[in-house]
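S.K.: Handing over data-v2.cif, mmCIF, C-alpha atoms.
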```
data_start
#
loop_
_atom_site.label_atom_id
_atom_site.label_comp_id
_atom_site.auth_asym_id
_atom_site.auth_seq_id
_atom_site.Cartn_x
_atom_site.Cartn_y
_atom_site.Cartn_z
CA MET R 20 -27.22 34.98 -32.50
CA ILE R 21 -25.22 31.95 -33.52
CA GLU R 22 -24.98 30.82 -29.95
CA GLN R 23 -28.71 31.20 -29.38
CA ASN R 24 -29.85 29.46 -32.56
CA TYR R 25 -27.29 26.83 -33.22
CA THR R 26 -25.82 25.66 -29.92
CA ALA R 27 -28.55 23.05 -29.62
CA ILE R 28 -27.81 21.71 -33.10
CA LEU R 29 -24.09 21.65 -32.31
CA SER R 30 -24.73 19.89 -28.99
CA GLU R 31 -26.80 17.22 -30.68
CA ALA R 32 -24.15 16.71 -33.36
CA ILE R 33 -21.39 16.45 -30.75
CA GLU R 34 -23.39 13.96 -28.73
CA LYS R 35 -24.11 11.86 -31.79
CA ILE R 36 -20.51 11.82 -33.01
CA MET R 37 -18.73 11.58 -29.66
CA GLY R 38 -21.32 9.85 -27.54
CA LEU R 39 -20.85 12.53 -24.87
CA GLU R 40 -23.12 15.28 -23.66
CA LEU R 41 -20.82 18.27 -24.04
CA LYS R 42 -22.19 21.77 -24.28
CA PRO R 43 -20.14 23.67 -26.82
CA HIS R 44 -18.91 27.06 -25.70
CA ILE R 45 -18.57 29.59 -28.47
CA ILE R 46 -16.12 32.42 -28.05
CA PHE R 47 -16.00 35.41 -30.32
CA GLU R 48 -13.02 37.19 -31.76
CA GLY R 49 -11.14 39.04 -29.07
CA GLU R 50 -12.23 36.87 -26.15
CA ASP R 51 -9.53 35.29 -24.06
CA THR R 52 -9.58 31.54 -24.63
CA LYS R 53 -7.68 30.89 -21.40
CA ILE R 54 -10.32 32.66 -19.32
CA VAL R 55 -13.14 30.78 -21.04
CA ARG R 56 -11.38 27.47 -20.42
CA ALA R 57 -10.81 28.31 -16.77
CA GLU R 58 -14.50 29.17 -16.38
CA LEU R 59 -15.50 25.92 -18.03
CA HIS R 60 -13.29 23.90 -15.75
CA SER R 61 -14.70 25.67 -12.73
CA GLU R 62 -18.09 24.25 -13.69
CA GLY R 63 -16.62 20.99 -12.48
CA LEU R 64 -17.13 18.79 -15.53
CA THR R 65 -13.97 16.94 -16.39
CA PHE R 66 -13.09 14.05 -18.64
CA GLU R 67 -12.58 11.94 -15.53
CA ASP R 68 -16.26 12.34 -14.60
CA PHE R 69 -17.28 10.05 -17.46
CA PHE R 70 -15.78 6.96 -15.82
CA THR R 71 -18.38 5.33 -13.58
CA PHE R 72 -19.37 1.87 -12.36
CA ASP R 73 -22.37 2.05 -14.69
CA ASN R 74 -20.21 2.09 -17.80
CA PHE R 75 -17.63 -0.42 -16.52
CA ILE R 76 -18.27 -3.75 -18.19
CA VAL R 77 -17.97 -6.55 -15.64
CA GLY R 78 -16.81 -10.02 -16.63
CA SER R 79 -15.10 -12.97 -15.03
CA THR R 80 -11.67 -11.33 -15.24
CA ASN R 81 -12.57 -8.15 -13.36
CA ARG R 82 -15.57 -9.14 -11.23
CA PHE R 83 -13.62 -9.32 -7.96
CA ALA R 84 -11.85 -6.01 -8.54
CA ASN R 85 -15.15 -4.35 -9.45
CA ALA R 86 -16.85 -5.71 -6.32
CA ALA R 87 -13.98 -4.57 -4.10
CA ALA R 88 -13.99 -1.12 -5.71
CA MET R 89 -17.75 -0.79 -5.24
CA ALA R 90 -17.46 -1.83 -1.62
CA VAL R 91 -14.88 0.90 -1.04
CA ALA R 92 -16.97 3.50 -2.87
CA ASN R 93 -20.30 2.66 -1.24
CA ASN R 94 -19.30 2.19 2.40
CA GLU R 95 -18.78 5.18 4.59
CA LYS R 96 -16.68 3.03 6.88
CA ILE R 97 -13.36 1.57 5.77
CA VAL R 98 -13.76 -1.97 4.44
CA TYR R 99 -10.50 -2.74 2.64
CA ASN R 100 -7.45 -0.60 3.29
CA PRO R 101 -5.42 -0.23 1.23
CA LEU R 102 -7.18 -1.59 -1.84
CA VAL R 103 -4.56 -2.60 -4.41
CA ILE R 104 -5.80 -3.15 -7.96
CA TYR R 105 -3.25 -4.66 -10.31
CA GLY R 106 -3.12 -5.80 -13.90
CA PRO R 107 -1.57 -4.97 -17.26
CA SER R 108 -2.13 -1.80 -19.24
CA GLY R 109 -5.52 -1.30 -20.88
CA VAL R 110 -7.66 -3.61 -18.74
CA GLY R 111 -9.58 -0.92 -16.85
CA LYS R 112 -7.63 -0.16 -13.65
CA THR R 113 -7.86 3.60 -14.11
CA HIS R 114 -11.53 3.32 -15.03
CA LEU R 115 -12.19 1.61 -11.68
CA MET R 116 -10.13 4.21 -9.78
CA LEU R 117 -12.09 7.05 -11.36
CA ALA R 118 -15.37 5.20 -10.79
CA ILE R 119 -14.49 4.97 -7.07
CA LYS R 120 -13.72 8.68 -7.02
CA ASN R 121 -16.94 9.65 -8.79
CA GLN R 122 -19.10 7.32 -6.69
CA ILE R 123 -17.63 8.61 -3.41
CA LYS R 124 -18.15 12.21 -4.57
CA LYS R 125 -21.79 11.32 -5.21
CA ASN R 126 -22.37 9.24 -2.04
CA PHE R 127 -20.34 11.28 0.42
CA PRO R 128 -19.87 14.80 -0.98
CA GLN R 129 -18.29 15.98 2.26
CA LYS R 130 -15.30 13.68 1.82
CA LYS R 131 -12.01 15.12 0.62
CA ILE R 132 -10.76 12.92 -2.18
CA ALA R 133 -7.84 13.06 -4.59
CA TYR R 134 -6.94 10.97 -7.62
CA ILE R 135 -3.41 11.34 -8.94
CA ARG R 136 -1.05 9.41 -11.19
CA SER R 137 2.15 8.57 -9.34
CA GLU R 138 4.19 10.27 -12.05
CA ASP R 139 2.35 13.53 -11.29
CA PHE R 140 2.78 12.90 -7.55
CA THR R 141 6.53 12.64 -8.16
CA ASN R 142 6.61 15.81 -10.29
CA GLN R 143 4.58 17.76 -7.72
CA LEU R 144 6.94 16.62 -4.98
CA ILE R 145 10.01 17.67 -7.00
CA ASN R 146 8.42 21.08 -7.66
CA ALA R 147 7.55 21.45 -3.98
CA LEU R 148 11.12 20.59 -2.98
CA ASN R 149 12.56 23.06 -5.50
CA GLU R 150 10.16 25.81 -4.50
CA GLY R 151 10.94 25.10 -0.87
CA ARG R 152 14.64 25.57 -1.57
CA LEU R 153 13.87 28.88 -3.24
CA GLY R 154 11.63 29.95 -0.38
CA LEU R 155 8.59 30.22 -2.65
CA SER R 156 6.49 27.78 -0.65
CA SER R 157 7.06 25.14 1.93
CA MET R 158 6.75 21.39 1.91
CA ASP R 159 3.91 21.92 4.38
CA ASP R 160 1.67 22.87 1.44
CA PHE R 161 2.44 19.56 -0.22
CA HIS R 162 1.90 17.64 3.01
CA ASN R 163 -1.38 19.44 3.69
CA LYS R 164 -2.61 18.64 0.22
CA TYR R 165 -2.27 14.88 0.62
CA ARG R 166 -2.23 14.16 4.34
CA ASN R 167 -5.60 15.74 5.13
CA LEU R 168 -7.59 13.68 2.66
CA ASP R 169 -10.35 11.18 3.37
CA VAL R 170 -9.57 9.15 0.28
CA LEU R 171 -6.33 9.02 -1.71
CA LEU R 172 -6.28 7.21 -5.06
CA ILE R 173 -2.82 6.84 -6.61
CA ASP R 174 -2.55 5.32 -10.07
CA ASP R 175 0.48 3.36 -11.33
CA ILE R 176 2.31 3.34 -8.01
CA HIS R 177 5.06 1.19 -9.59
CA PHE R 178 6.42 4.45 -11.07
CA ILE R 179 7.78 5.50 -7.68
CA ALA R 180 9.89 2.33 -7.34
CA GLY R 181 13.52 3.31 -6.89
CA LYS R 182 12.76 7.03 -6.47
CA GLU R 183 13.91 7.59 -2.91
CA SER R 184 12.38 10.98 -2.11
CA THR R 185 9.04 10.06 -3.64
CA GLN R 186 8.94 6.73 -1.84
CA GLU R 187 9.74 8.46 1.46
CA GLU R 188 6.99 11.00 0.89
CA PHE R 189 4.48 8.37 -0.18
CA PHE R 190 5.35 6.19 2.81
CA ASN R 191 4.79 9.07 5.23
CA THR R 192 1.58 10.11 3.48
CA PHE R 193 0.38 6.52 3.56
CA ASN R 194 1.14 6.20 7.27
CA THR R 195 -0.61 9.45 8.17
CA LEU R 196 -3.74 8.52 6.24
CA TYR R 197 -3.75 4.92 7.41
CA GLN R 198 -3.33 5.86 11.07
CA ASN R 199 -6.20 8.32 10.73
CA ASN R 200 -8.37 5.56 9.26
CA LYS R 201 -8.53 7.14 5.80
CA GLN R 202 -9.00 5.16 2.59
CA ILE R 203 -6.09 4.49 0.23
CA VAL R 204 -6.40 2.86 -3.18
CA VAL R 205 -3.46 2.20 -5.49
CA THR R 206 -2.92 0.46 -8.81
CA LEU R 207 0.07 -1.52 -10.04
CA ASP R 208 0.80 -2.85 -13.51
CA ARG R 209 2.22 -6.13 -12.17
CA PRO R 210 2.18 -8.18 -8.97
CA LEU R 211 3.92 -6.55 -6.02
CA LYS R 212 6.63 -9.21 -5.85
CA GLU R 213 7.76 -8.29 -9.37
CA ILE R 214 8.47 -4.66 -8.47
CA LYS R 215 11.84 -5.34 -6.98
CA THR R 216 12.96 -1.81 -6.15
CA LEU R 217 9.85 -0.70 -4.30
CA ASP R 218 10.77 0.29 -0.77
CA GLU R 219 10.41 -2.64 1.64
CA ARG R 220 8.35 -0.49 4.05
CA ILE R 221 5.86 0.41 1.31
CA ARG R 222 5.76 -3.19 0.15
CA SER R 223 4.94 -4.27 3.69
CA ARG R 224 2.16 -1.65 4.08
CA LEU R 225 0.59 -2.58 0.74
CA SER R 226 0.80 -6.28 1.55
CA ALA R 227 -1.58 -5.73 4.43
CA GLY R 228 -4.32 -4.61 2.05
CA LEU R 229 -6.73 -6.35 -0.29
CA PHE R 230 -5.25 -7.31 -3.66
CA ALA R 231 -7.63 -7.46 -6.61
CA ASP R 232 -6.23 -8.39 -9.99
CA ILE R 233 -7.69 -7.64 -13.39
CA THR R 234 -6.58 -9.72 -16.31
CA ALA R 235 -7.35 -9.31 -20.01
CA PRO R 236 -11.13 -9.42 -20.61
CA ASP R 237 -12.58 -12.73 -21.76
CA PHE R 238 -14.56 -13.08 -24.98
CA GLU R 239 -17.97 -12.40 -23.41
CA THR R 240 -16.67 -9.29 -21.64
CA ARG R 241 -15.11 -8.00 -24.87
CA VAL R 242 -18.44 -8.47 -26.65
CA GLY R 243 -20.15 -6.62 -23.79
CA ILE R 244 -17.66 -3.74 -24.02
CA ILE R 245 -18.19 -3.35 -27.77
CA ARG R 246 -22.00 -3.46 -27.39
CA LYS R 247 -21.94 -0.90 -24.59
CA LYS R 248 -19.63 1.49 -26.45
CA ALA R 249 -21.68 1.22 -29.64
CA GLU R 250 -24.86 1.86 -27.68
CA GLU R 251 -23.32 4.88 -25.93
CA LYS R 252 -22.32 6.35 -29.26
CA GLY R 253 -25.67 5.63 -30.88
CA ILE R 254 -24.70 3.15 -33.58
CA THR R 255 -25.75 -0.41 -34.30
CA ILE R 256 -23.08 -2.98 -35.09
CA GLU R 257 -24.18 -6.35 -36.44
CA GLU R 258 -23.69 -9.26 -34.04
CA ASN R 259 -21.30 -11.15 -36.33
CA LEU R 260 -19.10 -8.05 -36.63
CA ILE R 261 -19.07 -7.59 -32.85
CA PHE R 262 -17.93 -11.19 -32.48
CA TYR R 263 -15.28 -10.68 -35.17
CA ILE R 264 -13.84 -7.63 -33.36
CA ALA R 265 -13.92 -9.46 -30.01
CA GLU R 266 -12.07 -12.42 -31.53
CA HIS R 267 -9.33 -10.25 -32.97
CA ILE R 268 -8.67 -7.75 -30.17
CA LYS R 269 -8.07 -9.74 -27.04
CA VAL R 270 -6.20 -7.74 -24.44
CA ASN R 271 -6.59 -3.99 -24.59
CA THR R 272 -10.02 -2.45 -24.01
CA ARG R 273 -8.79 0.88 -25.38
CA GLN R 274 -8.26 -0.85 -28.73
CA LEU R 275 -11.83 -2.19 -28.65
CA GLU R 276 -13.07 1.34 -28.02
CA GLY R 277 -10.83 2.62 -30.81
CA VAL R 278 -12.49 0.34 -33.37
CA VAL R 279 -15.96 1.41 -32.21
CA ASN R 280 -14.94 5.11 -32.52
CA LYS R 281 -13.77 4.54 -36.08
CA LEU R 282 -17.04 2.78 -36.91
CA VAL R 283 -18.97 5.73 -35.46
CA ALA R 284 -17.07 8.05 -37.80
CA TYR R 285 -17.69 5.68 -40.73
CA VAL R 286 -21.44 5.54 -40.10
CA ALA R 287 -21.59 9.34 -39.68
CA ILE R 288 -19.80 10.03 -42.95
CA GLN R 289 -20.96 7.18 -45.17
CA ASN R 290 -24.43 6.95 -43.66
CA LYS R 291 -24.43 3.16 -44.05
CA GLU R 292 -23.83 0.08 -41.96
CA PRO R 293 -20.21 -1.09 -41.68
CA ASN R 294 -19.22 -4.38 -43.30
CA ILE R 295 -16.59 -6.99 -42.51
CA GLY R 296 -14.01 -5.34 -44.82
CA ILE R 297 -14.29 -2.02 -42.99
CA VAL R 298 -14.05 -3.74 -39.62
CA GLN R 299 -10.92 -5.62 -40.72
CA THR R 300 -9.30 -2.35 -41.88
CA TYR R 301 -10.09 -0.57 -38.63
CA ILE R 302 -8.79 -3.43 -36.50
CA LYS R 303 -5.47 -3.23 -38.35
CA GLU R 304 -5.39 0.56 -37.99
CA VAL R 305 -6.13 0.46 -34.27
CA ILE R 306 -3.48 -2.17 -33.61
CA ASN R 307 -0.95 -0.06 -35.53
CA ASP R 308 -2.14 3.19 -33.88
CA THR R 309 -1.68 1.76 -30.41
CA LYS R 310 1.80 0.39 -30.92
CA PRO R 311 3.96 1.88 -28.18
CA GLU R 312 5.58 5.19 -29.04
CA PRO R 313 9.35 5.00 -29.45
CA ILE R 314 11.05 5.94 -26.20
CA LYS R 315 12.56 9.43 -26.32
CA ILE R 316 15.91 10.39 -24.82
CA GLU R 317 14.25 13.27 -22.93
CA LYS R 318 11.94 10.78 -21.19
CA ILE R 319 14.89 8.54 -20.29
CA ILE R 320 16.80 11.49 -18.82
CA SER R 321 13.71 12.57 -16.90
CA GLU R 322 13.13 9.09 -15.38
CA VAL R 323 16.80 8.61 -14.51
CA ALA R 324 16.98 12.10 -12.96
CA LYS R 325 13.99 11.37 -10.73
CA THR R 326 15.36 7.98 -9.72
CA TYR R 327 18.87 9.19 -8.93
CA ASN R 328 17.63 12.44 -7.41
CA VAL R 329 19.59 14.74 -9.72
CA SER R 330 18.34 17.38 -12.13
CA GLU R 331 17.78 16.73 -15.82
CA SER R 332 19.98 19.69 -16.76
CA ASP R 333 22.83 18.30 -14.65
CA ILE R 334 22.67 14.98 -16.50
CA VAL R 335 23.43 16.69 -19.80
CA SER R 336 25.92 19.12 -18.23
CA ALA R 337 29.70 18.75 -18.04
CA ARG R 338 29.68 18.39 -14.24
CA ARG R 339 31.44 15.27 -13.00
CA THR R 340 30.44 14.57 -9.41
CA ALA R 341 30.18 10.85 -8.71
CA PRO R 342 26.35 10.55 -8.37
CA LEU R 343 25.90 12.68 -11.45
CA ALA R 344 28.38 10.69 -13.51
CA LEU R 345 26.61 7.44 -12.57
CA ALA R 346 23.17 8.85 -13.45
CA ARG R 347 24.51 10.09 -16.80
CA GLN R 348 26.12 6.74 -17.60
CA VAL R 349 22.95 4.85 -16.67
CA ALA R 350 20.88 7.17 -18.88
CA MET R 351 23.23 6.42 -21.81
CA TYR R 352 23.01 2.70 -21.09
CA ILE R 353 19.20 2.78 -21.01
CA ALA R 354 19.13 4.86 -24.20
CA LYS R 355 21.16 2.18 -25.95
CA ALA R 356 19.00 -0.62 -24.49
CA THR R 357 15.62 0.89 -25.34
CA THR R 358 16.06 2.88 -28.56
CA ASP R 359 17.41 2.27 -32.05
CA LEU R 360 19.69 5.29 -31.76
CA SER R 361 23.36 4.97 -32.69
CA PHE R 362 26.14 5.75 -30.21
CA LYS R 363 26.70 8.95 -32.16
CA ALA R 364 23.06 10.05 -31.90
CA ILE R 365 22.94 9.24 -28.17
CA GLY R 366 26.18 11.17 -27.70
CA GLU R 367 24.67 14.26 -29.33
CA SER R 368 21.85 14.27 -26.76
CA PHE R 369 24.39 14.22 -23.93
CA LYS R 370 26.89 16.54 -25.66
CA LYS R 371 29.46 13.72 -25.75
CA ASP R 372 31.16 11.90 -28.61
CA HIS R 373 30.27 8.34 -29.60
CA THR R 374 33.37 6.78 -28.03
CA THR R 375 32.40 8.23 -24.63
CA VAL R 376 28.92 6.70 -24.96
CA LEU R 377 30.39 3.33 -25.97
CA TYR R 378 32.79 3.42 -23.01
CA ASN R 379 30.02 4.38 -20.57
CA VAL R 380 27.57 1.73 -21.81
CA ASN R 381 30.21 -0.98 -21.35
CA LYS R 382 31.12 0.40 -17.96
CA VAL R 383 27.49 0.31 -16.78
CA GLU R 384 27.12 -3.28 -18.03
CA GLU R 385 30.09 -4.30 -15.88
CA TYR R 386 28.82 -2.22 -12.94
CA LEU R 387 25.36 -3.81 -13.04
CA ALA R 388 26.73 -7.33 -13.43
CA GLU R 389 28.22 -7.04 -9.95
CA ARG R 390 25.33 -5.20 -8.26
CA PRO R 391 21.98 -7.02 -8.31
CA TYR R 392 20.02 -4.21 -6.61
CA GLU R 393 21.27 -1.59 -9.07
CA LYS R 394 20.46 -4.00 -11.92
CA GLU R 395 16.85 -4.35 -10.64
CA LEU R 396 16.63 -0.59 -10.33
CA VAL R 397 17.67 -0.08 -13.95
CA ASP R 398 15.36 -2.89 -15.08
CA ASP R 399 12.44 -1.19 -13.29
CA ILE R 400 13.26 2.12 -14.99
CA ILE R 401 13.25 0.32 -18.36
CA LYS R 402 9.94 -1.41 -17.56
CA ASN R 403 8.37 1.91 -16.61
CA LEU R 404 9.65 3.56 -19.78
CA LYS R 405 8.24 0.74 -21.89
CA GLY R 406 4.98 0.79 -19.95
CA GLU R 407 5.26 -2.96 -19.38
CA MET N 6 -12.33 8.37 -42.00
CA PRO N 7 -10.18 7.82 -38.92
CA VAL N 8 -10.50 10.53 -36.29
CA ASN N 9 -6.96 11.53 -35.49
CA SER N 10 -7.30 15.19 -34.66
CA LEU N 11 -9.68 17.84 -33.45
CA GLU N 12 -10.03 18.95 -37.06
CA ASP N 13 -11.12 15.44 -38.13
CA LEU N 14 -13.67 15.41 -35.33
CA TRP N 15 -14.88 18.87 -36.26
CA GLN N 16 -15.38 17.72 -39.86
CA LEU N 17 -17.67 14.95 -38.63
CA ILE N 18 -19.62 17.33 -36.41
CA CYS N 19 -20.02 19.78 -39.31
CA GLU N 20 -21.25 16.98 -41.57
CA GLU N 21 -23.85 16.13 -38.94
CA CYS N 22 -24.90 19.78 -38.54
CA LYS N 23 -25.20 20.10 -42.32
CA THR N 24 -28.02 17.58 -42.28
CA LYS N 25 -29.93 19.71 -39.75
CA VAL N 26 -29.85 23.17 -41.36
CA THR N 27 -30.23 24.63 -44.83
CA ASP N 28 -27.17 25.12 -47.03
CA VAL N 29 -27.55 28.89 -46.72
CA ALA N 30 -27.65 28.75 -42.94
CA PHE N 31 -24.69 26.40 -42.88
CA ASP N 32 -22.60 28.63 -45.13
CA MET N 33 -23.61 31.73 -43.23
CA PHE N 34 -22.98 30.47 -39.71
CA PHE N 35 -21.20 27.15 -39.35
CA THR N 36 -18.38 27.97 -41.76
CA ARG N 37 -17.44 30.81 -39.40
CA LEU N 38 -16.77 28.42 -36.56
CA LYS N 39 -13.61 26.52 -35.84
CA PRO N 40 -12.67 24.26 -32.92
CA VAL N 41 -10.20 25.65 -30.41
CA ILE N 42 -9.83 23.01 -27.77
CA LEU N 43 -11.45 19.83 -26.50
CA ASP N 44 -10.06 19.24 -23.07
CA ASN N 45 -11.40 17.98 -19.77
CA GLY N 46 -15.00 18.14 -20.87
CA ALA N 47 -14.73 21.57 -22.45
CA PHE N 48 -15.39 21.98 -26.17
CA VAL N 49 -14.48 25.54 -27.05
CA ILE N 50 -15.32 26.83 -30.52
CA SER N 51 -14.27 30.19 -31.87
CA CYS N 52 -16.38 32.34 -34.14
CA TYR N 53 -15.16 35.18 -36.31
CA ASN N 54 -17.46 37.98 -37.36
#
```
Have the structure of the file written as structure tokens, please.

M.R.:
Amino acid sequence: MIEQNYTAILSEAIEKIMGLELKPHIIFEGEDTKIVRAELHSEGLTFEDFFTFDNFIVGSTNRFANAAAMAVANNEKIVYNPLVIYGPSGVGKTHLMLAIKNQIKKNFPQKKIAYIRSEDFTNQLINALNEGRLGLSSMDDFHNKYRNLDVLLIDDIHFIAGKESTQEEFFNTFNTLYQNNKQIVVTLDRPLKEIKTLDERIRSRLSAGLFADITAPDFETRVGIIRKKAEEKGITIEENLIFYIAEHIKVNTRQLEGVVNKLVAYVAIQNKEPNIGIVQTYIKEVINDTKPEPIKIEKIISEVAKTYNVSESDIVSARRTAPLALARQVAMYIAKATTDLSFKAIGESFKKDHTTVLYNVNKVEEYLAERPYEKELVDDIIKNLKGE
Amino acid sequence: MPVNSLEDLWQLICEECKTKVTDVAFDMFFTRLKPVILDNGAFVISCYN
């Protein structure tokens, strides 16, 4: 009865608050939430479907990238291959990738298309390799998944820099798709030349493509983004307040959206128009909310393990083979360089005492001073961890 | 009110629903609902009898 009578009211409320048309699904006591979720997902609606060219605000700083992305999405034939979109975090690279995916799905439903973050690509590859060793599945499954596509979109490809197995797999996937005249689109968070430890062969393949950069949105684009988001979520923000927000949040579009979301909540609860004081408070909150999370030791160990092709458990084990010892020492060095943790606290994570950590950090400093490539590798790991 | 969690969001949605139904209806039905998950386009709400 509840579902029949009140789903419509709930839907309207959700749309008004969230600005999204989501049909609520009510489950009753005893129903299996996992099954319901699986059924919902099989309906095909995902969060990624909300990113389209229609809701991408175009300005002078992203016009070229938007045009290139649209050309790729709207032409059945290959126009730019690969398309490389690059720019800092929060400027809309992923939005464009997902817009390409959604537009191709709409224009050419027969095409096989995959969007994946390179971190997930790496994890899937590691799982496939492990399962292959255990005889649970073969690498063929992994190859089939990515080498038979019509369009492959890989986000944040800089994450594979320095990770040998992943680079090898990506290179071979790239070659297979490219030779078969299939579309490849990748994003980078910085210009190619700054990603020093990316395999030379991959660098060369990417260099042959079209590079489209996106920089921080200009004032007019920021105003456009705020207007569009407010309109989508059904609230009116006074022009002077829109300008104020656009003047104070200059780089990250996610922060602009964050302020609008807070204003939506304010209007819903207070039932009145926001004023300059409220806007100032929310700008401060959003800037604080989006400060980068402190880097965790577990994340450092995970990144180092993937880069040095060892397991995370081995890094914190007592085993002392040469590659393992180097990976462990580098992880300690990066922990010291990127966190506020003391030698003692770092040591606890690696089951070592603080003098061992101190010794290893100094040793890595000396080691890197004499080896420029290894130094670039470690610098790239640090950049990836910091999301720079 | 900053929206930091599913519960915060649910509060806002309930406030909105409250304006659309009578107090009796709200107490009888909406107070029996609670959000379970909002993920990948799915908003699952549980209801106890």

S.K.: Do you have the atom CA of R:Glu317-atom CA of R:Pro107 distance handy?

M.R.: 24.8 Å

S.K.: Taking the file as shown, find all residues satisfying the PyMOL selection byres ((chain N and resi 17) around 9) and write them as a ChimeraX atom specification.

M.R.: /R:32-33,36,284,287-288 /N:8,12-16,18-22

S.K.: Restricting the calculation to only C-alpha atoms, which member of R:Thr272, R:Asn146, R:Asn381, R:Thr26 is positioned closest to chain N?

M.R.: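 Among the listed residues, the smallest separation from chain N belongs to R:Thr26.
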
S.K.: Selected by the PyMOL selection byres ((chain R and resi 204) around 8) in the shown coordinates: which residues, as a short mmCIF file (atom, residue, chain, number, x, y, z; two decimals) with C-alpha atoms, keeping the file's coordinate frame?

M.R.:
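This went into selection_7.cif:
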```cif
data_model
loop_
_atom_site.label_atom_id
_atom_site.label_comp_id
_atom_site.auth_asym_id
_atom_site.auth_seq_id
_atom_site.Cartn_x
_atom_site.Cartn_y
_atom_site.Cartn_z
CA ASN R 100 -7.45 -0.60 3.29
CA PRO R 101 -5.42 -0.23 1.23
CA LEU R 102 -7.18 -1.59 -1.84
CA VAL R 103 -4.56 -2.60 -4.41
CA ILE R 104 -5.80 -3.15 -7.96
CA MET R 116 -10.13 4.21 -9.78
CA VAL R 170 -9.57 9.15 0.28
CA LEU R 171 -6.33 9.02 -1.71
CA LEU R 172 -6.28 7.21 -5.06
CA ILE R 173 -2.82 6.84 -6.61
CA GLN R 202 -9.00 5.16 2.59
CA ILE R 203 -6.09 4.49 0.23
CA VAL R 205 -3.46 2.20 -5.49
CA THR R 206 -2.92 0.46 -8.81
#
```

S.K.: Please return as a PyMOL selection string every residue within 7 Å of (-5.0, -0.5, -27.2), taking into account all atoms listed in the file and the file's own coordinates.

M.R.: chain R and resi 109+271-274+306+309

S.K.: What's the 10 Å shell around R:Phe193, counting only C-alpha atoms, without same-chain residues fewer than 4 positions away, as a PyMOL selection string?

M.R.: chain R and resi 101+165-166+171+187-189+197-199+201-203+221+224-225

S.K.: Rounded to one decimal in Å, what is the spacing between atom CA of R:Thr234 and atom CA of R:Ile123?

M.R.: 25.0 Å

S.K.: Ranking R:Val110, R:Ile302, R:Ile214, R:Ile233 by minimum distance to chain N and counting only C-alpha atoms, which one comes first?

M.R.: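 Distance minimum relative to chain N lands on R:Ile302.
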
S.K.: Fewer than 2 positions away in the same chain doesn't count, so skip those; otherwise give me all residues within 12 Å of R:Lys370, counting only C-alpha atoms, as a VMD selection string.

M.R.: chain R and resid 332 to 338 347 351 362 to 368 372 to 376

S.K.: Dump C-alpha atoms for the selected residues as a tab-separated table (two decimals), keeping the file's coordinate frame?

M.R.:
```
chain	number	residue	atom	x	y	z
R	332	SER	CA	19.98	19.69	-16.76
R	333	ASP	CA	22.83	18.30	-14.65
R	334	ILE	CA	22.67	14.98	-16.50
R	335	VAL	CA	23.43	16.69	-19.80
R	336	SER	CA	25.92	19.12	-18.23
R	337	ALA	CA	29.70	18.75	-18.04
R	338	ARG	CA	29.68	18.39	-14.24
R	347	ARG	CA	24.51	10.09	-16.80
R	351	MET	CA	23.23	6.42	-21.81
R	362	PHE	CA	26.14	5.75	-30.21
R	363	LYS	CA	26.70	8.95	-32.16
R	364	ALA	CA	23.06	10.05	-31.90
R	365	ILE	CA	22.94	9.24	-28.17
R	366	GLY	CA	26.18	11.17	-27.70
R	367	GLU	CA	24.67	14.26	-29.33
R	368	SER	CA	21.85	14.27	-26.76
R	372	ASP	CA	31.16	11.90	-28.61
R	373	HIS	CA	30.27	8.34	-29.60
R	374	THR	CA	33.37	6.78	-28.03
R	375	THR	CA	32.40	8.23	-24.63
R	376	VAL	CA	28.92	6.70	-24.96
```

S.K.: May I ask for the distance between atom CA of R:Ala180 and atom CA of R:Thr195, given in Å to one decimal place?

M.R.: 20.0 Å

S.K.: Got a sec to resolve the PyMOL selection byres ((chain N and resi 35) around 9) on this structure and send the residues as a ChimeraX atom specification?

M.R.: /R:21,25 /N:19,22-23,30-34,36-39,52

S.K.: Mind giving me the axis-aligned box for stretch 17-22 of chain N with 3 Å on every side, centre plus edges in Å to one decimal, as AutoDock Vina command-line options?

M.R.:
```
--center_x -21.3 --center_y 17.4 --center_z -39.0 --size_x 13.2 --size_y 10.8 --size_z 11.2
```

S.K.: Return the single residue from R:Glu331, R:Gly78, R:Ser30, R:Gly181 that is closest to R:Gly243, with distances computed using all atoms listed in the file.

M.R.: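 Under the stated criterion, the closest residue is R:Gly78.
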
S.K.: Find the residues near R:Lys405: any atom within 10 Å, counting all atoms listed in the file, skip ones fewer than 3 places away on the same chain, and give them as a list in words.

M.R.: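 Answer for this query is Pro311, Glu312, Pro313, Ile314, Thr357, Asp399, Ile400, Ile401 and Lys402 of chain R.
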
S.K.: With distances taken over all atoms listed in the file, which of N:Ile42, N:Ile50, N:Val26, N:Leu11 is nearest to chain R?

M.R.: N:Ile50

S.K.: Could you check the closest approach to R:Asn74 for each of R:Ile256, R:Leu144, R:Val323, R:Leu115 and tell me which residue wins, using all atoms listed in the file?

M.R.: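 Of all the options, R:Leu115 lies closest to R:Asn74.
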
S.K.: Which residues, written as a PDB file with C-alpha atoms, in the frame of the given file, have at least one atom at most 7 Å from N:Ser51, with all atoms listed in the file counted and residues fewer than 6 positions away on the same chain left out?

M.R.:
```
ATOM      1  CA  ILE R  45     -18.570  29.590 -28.470  1.00  0.00           C
ATOM      2  CA  ILE R  46     -16.120  32.420 -28.050  1.00  0.00           C
ATOM      3  CA  PHE R  47     -16.000  35.410 -30.320  1.00  0.00           C
TER       4      PHE R  47
ATOM      5  CA  LEU N  38     -16.770  28.420 -36.560  1.00  0.00           C
ATOM      6  CA  LYS N  39     -13.610  26.520 -35.840  1.00  0.00           C
ATOM      7  CA  PRO N  40     -12.670  24.260 -32.920  1.00  0.00           C
ATOM      8  CA  VAL N  41     -10.200  25.650 -30.410  1.00  0.00           C
TER       9      VAL N  41
END
```
